[in-house]
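This is run-v2.pdb (PDB, C-alpha atoms and all ligand atoms).
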MODEL        1
ATOM      1  CA  VAL O 142     180.968 146.664 137.961  1.00  0.00           C
ATOM      2  CA  PHE O 143     181.230 150.301 138.907  1.00  0.00           C
ATOM      3  CA  ASP O 144     178.932 153.264 139.354  1.00  0.00           C
ATOM      4  CA  VAL O 145     178.701 156.517 137.491  1.00  0.00           C
ATOM      5  CA  LYS O 146     177.143 159.583 139.029  1.00  0.00           C
ATOM      6  CA  ILE O 147     175.545 162.304 136.915  1.00  0.00           C
ATOM      7  CA  ALA O 148     176.822 165.573 138.355  1.00  0.00           C
ATOM      8  CA  SER O 149     173.790 167.679 137.394  1.00  0.00           C
ATOM      9  CA  SER O 150     171.120 165.373 138.821  1.00  0.00           C
ATOM     10  CA  GLY O 151     173.029 163.370 141.427  1.00  0.00           C
ATOM     11  CA  LYS O 152     171.654 160.192 139.862  1.00  0.00           C
ATOM     12  CA  VAL O 153     173.859 157.106 140.325  1.00  0.00           C
ATOM     13  CA  ILE O 154     173.813 154.422 137.625  1.00  0.00           C
ATOM     14  CA  LYS O 155     175.411 150.980 137.898  1.00  0.00           C
ATOM     15  CA  ILE O 156     177.590 149.908 134.943  1.00  0.00           C
ATOM     16  CA  PRO O 157     177.654 146.093 134.677  1.00  0.00           C
ATOM     17  CA  GLY O 158     180.816 144.389 133.413  1.00  0.00           C
ATOM     18  CA  ASP O 159     179.186 143.474 130.115  1.00  0.00           C
ATOM     19  CA  ARG O 160     177.678 146.892 129.327  1.00  0.00           C
ATOM     20  CA  SER O 161     179.327 150.036 128.057  1.00  0.00           C
ATOM     21  CA  VAL O 162     178.892 153.260 129.998  1.00  0.00           C
ATOM     22  CA  THR O 163     176.888 154.741 127.111  1.00  0.00           C
ATOM     23  CA  ALA O 164     174.565 151.712 126.890  1.00  0.00           C
ATOM     24  CA  ALA O 165     173.927 151.589 130.631  1.00  0.00           C
ATOM     25  CA  LEU O 166     173.295 155.340 130.741  1.00  0.00           C
ATOM     26  CA  GLU O 167     170.877 155.175 127.861  1.00  0.00           C
ATOM     27  CA  GLU O 168     168.917 152.415 129.586  1.00  0.00           C
ATOM     28  CA  ALA O 169     168.721 154.700 132.606  1.00  0.00           C
ATOM     29  CA  GLY O 170     167.404 157.531 130.456  1.00  0.00           C
ATOM     30  CA  VAL O 171     170.629 159.519 130.148  1.00  0.00           C
ATOM     31  CA  LYS O 172     171.452 159.979 126.487  1.00  0.00           C
ATOM     32  CA  VAL O 173     175.087 160.455 125.421  1.00  0.00           C
ATOM     33  CA  PRO O 174     175.513 160.877 121.651  1.00  0.00           C
ATOM     34  CA  THR O 175     177.397 157.983 120.065  1.00  0.00           C
ATOM     35  CA  SER O 176     178.471 157.010 116.588  1.00  0.00           C
ATOM     36  CA  CYS O 177     181.205 154.395 116.164  1.00  0.00           C
ATOM     37  CA  GLU O 178     180.852 152.820 119.639  1.00  0.00           C
ATOM     38  CA  GLN O 179     184.427 151.568 119.256  1.00  0.00           C
ATOM     39  CA  GLY O 180     186.469 154.338 120.803  1.00  0.00           C
ATOM     40  CA  ALA O 181     187.504 155.754 117.442  1.00  0.00           C
ATOM     41  CA  CYS O 182     185.365 158.769 116.527  1.00  0.00           C
ATOM     42  CA  GLY O 183     185.212 160.897 119.691  1.00  0.00           C
ATOM     43  CA  THR O 184     181.448 161.591 119.529  1.00  0.00           C
ATOM     44  CA  CYS O 185     180.820 160.206 123.019  1.00  0.00           C
ATOM     45  CA  LYS O 186     183.461 162.333 124.758  1.00  0.00           C
ATOM     46  CA  VAL O 187     182.419 163.185 128.316  1.00  0.00           C
ATOM     47  CA  LYS O 188     184.269 165.031 131.035  1.00  0.00           C
ATOM     48  CA  VAL O 189     184.962 163.097 134.219  1.00  0.00           C
ATOM     49  CA  LEU O 190     184.958 165.253 137.345  1.00  0.00           C
ATOM     50  CA  GLU O 191     185.994 162.592 139.854  1.00  0.00           C
ATOM     51  CA  GLY O 192     187.339 159.049 139.783  1.00  0.00           C
ATOM     52  CA  GLU O 193     190.128 157.207 138.014  1.00  0.00           C
ATOM     53  CA  ILE O 194     189.557 156.412 134.322  1.00  0.00           C
ATOM     54  CA  ASP O 195     190.514 153.181 132.574  1.00  0.00           C
ATOM     55  CA  HIS O 196     191.045 154.582 129.067  1.00  0.00           C
ATOM     56  CA  ARG O 197     190.311 152.035 126.331  1.00  0.00           C
ATOM     57  CA  ASP O 198     189.927 154.255 123.271  1.00  0.00           C
ATOM     58  CA  LYS O 199     192.325 154.870 120.416  1.00  0.00           C
ATOM     59  CA  ARG O 200     191.402 158.458 119.856  1.00  0.00           C
ATOM     60  CA  LEU O 201     191.947 160.882 122.741  1.00  0.00           C
ATOM     61  CA  LYS O 202     195.043 163.022 122.775  1.00  0.00           C
ATOM     62  CA  PRO O 203     197.160 163.031 125.949  1.00  0.00           C
ATOM     63  CA  GLU O 204     196.065 166.587 126.716  1.00  0.00           C
ATOM     64  CA  GLU O 205     192.387 165.616 126.497  1.00  0.00           C
ATOM     65  CA  LYS O 206     193.044 162.830 129.002  1.00  0.00           C
ATOM     66  CA  GLU O 207     194.836 165.293 131.255  1.00  0.00           C
ATOM     67  CA  GLN O 208     191.774 167.541 131.102  1.00  0.00           C
ATOM     68  CA  GLY O 209     189.679 164.639 132.376  1.00  0.00           C
ATOM     69  CA  TYR O 210     187.839 163.574 129.247  1.00  0.00           C
ATOM     70  CA  PHE O 211     187.033 159.973 128.409  1.00  0.00           C
ATOM     71  CA  LEU O 212     185.223 158.198 125.597  1.00  0.00           C
ATOM     72  CA  ALA O 213     182.188 156.707 127.287  1.00  0.00           C
ATOM     73  CA  CYS O 214     181.456 154.027 124.655  1.00  0.00           C
ATOM     74  CA  VAL O 215     184.566 151.998 125.516  1.00  0.00           C
ATOM     75  CA  SER O 216     186.400 153.405 128.516  1.00  0.00           C
ATOM     76  CA  ARG O 217     185.665 152.396 132.080  1.00  0.00           C
ATOM     77  CA  ALA O 218     186.570 153.095 135.700  1.00  0.00           C
ATOM     78  CA  LYS O 219     189.569 151.759 137.580  1.00  0.00           C
ATOM     79  CA  GLY O 220     187.805 152.348 140.884  1.00  0.00           C
ATOM     80  CA  ASP O 221     184.218 152.135 142.091  1.00  0.00           C
ATOM     81  CA  LEU O 222     182.867 155.469 140.859  1.00  0.00           C
ATOM     82  CA  LEU O 223     183.172 158.064 138.131  1.00  0.00           C
ATOM     83  CA  VAL O 224     181.388 161.390 138.412  1.00  0.00           C
ATOM     84  CA  LEU O 225     180.413 162.641 134.957  1.00  0.00           C
ATOM     85  CA  ASP O 226     179.913 166.255 133.920  1.00  0.00           C
ATOM     86  CA  LEU O 227     176.456 165.590 132.478  1.00  0.00           C
TER      87      LEU O 227
HETATM   88 FE1  LIG O 301     182.861 156.864 118.712  1.00  0.00          FE
HETATM   89 FE2  LIG O 301     182.582 156.597 121.341  1.00  0.00          FE
HETATM   90  S1  LIG O 301     181.047 156.660 119.845  1.00  0.00           S
HETATM   91  S2  LIG O 301     184.378 157.041 120.225  1.00  0.00           S
ENDMDL
END
Rewrite the structure from the file as structure tokens, please.
Ligand code: FES
Amino acid sequence: VFDVKIASSGKVIKIPGDRSVTAALEEAGVKVPTSCEQGACGTCKVKVLEGEIDHRDKRLKPEEKEQGYFLACVSRAKGDLLVLDL
């Protein structure tokens, strides 16, 4: 379990262990576009402003990871909080 914070609104949303970030956000009314939901297509790419990412996709290039992007349909947090540029 970890939290994500939406930078634009300040809203904090809990991500349970059995839910993806995109699914939990959608339930909370924050829509992130998705397609494959398997970490392969890149549609759900979101920039992370703060927090350590646990990358679980098979798509992002090393430079995209360096720039702080993650694929929200599969990737998670290593710590307690990610702040998303949404
Ligand atoms: Fe395809 Fe996330 S929806 S990588």
**Request:** Using all atoms listed in the file, find each residue with an atom at most 7 Å away from ligand LIG 301 (chain O) and format the answer as a PyMOL selection string.
**Result:** chain O and resi 175-186+198+212-215
**Message:** I'd like the residues picked by the PyMOL selection byres (((chain O and resi 156) around 9) and not hetatm) written out as a PyMOL selection string, using the chain letters and numbers from the file.
**Reply:** chain O and resi 142-145+154-155+157-162+164-166+217
Please, could you write that set of residues out with C-alpha atoms as a JSON list (two decimals), in the frame of the given file?
[["chain", "number", "residue", "atom", "x", "y", "z"],
["O", 142, "VAL", "CA", 180.97, 146.66, 137.96],
["O", 143, "PHE", "CA", 181.23, 150.30, 138.91],
["O", 144, "ASP", "CA", 178.93, 153.26, 139.35],
["O", 145, "VAL", "CA", 178.70, 156.52, 137.49],
["O", 154, "ILE", "CA", 173.81, 154.42, 137.62],
["O", 155, "LYS", "CA", 175.41, 150.98, 137.90],
["O", 157, "PRO", "CA", 177.65, 146.09, 134.68],
["O", 158, "GLY", "CA", 180.82, 144.39, 133.41],
["O", 159, "ASP", "CA", 179.19, 143.47, 130.12],
["O", 160, "ARG", "CA", 177.68, 146.89, 129.33],
["O", 161, "SER", "CA", 179.33, 150.04, 128.06],
["O", 162, "VAL", "CA", 178.89, 153.26, 130.00],
["O", 164, "ALA", "CA", 174.56, 151.71, 126.89],
["O", 165, "ALA", "CA", 173.93, 151.59, 130.63],
["O", 166, "LEU", "CA", 173.30, 155.34, 130.74],
["O", 217, "ARG", "CA", 185.66, 152.40, 132.08]]
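The closest residue to Asp221 in chain O, picked from O:Ala148, O:Ala169, O:Pro203, O:Glu191 and counting all atoms listed in the file, is O:Glu191.
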**Message:** Rounded to one decimal, what separation in Å do you get between CA of Val187 in chain O and CA of Tyr210 in chain O?
**Reply:** 5.5 Å
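CA of Glu207 in chain O lies 28.5 Å from CA of Gly170 in chain O.
The residue that comes closest to Lys188 in chain O, out of O:Leu225, O:Ala218, O:Gly151, O:Arg200 and on the basis of all atoms listed in the file, is O:Leu225.
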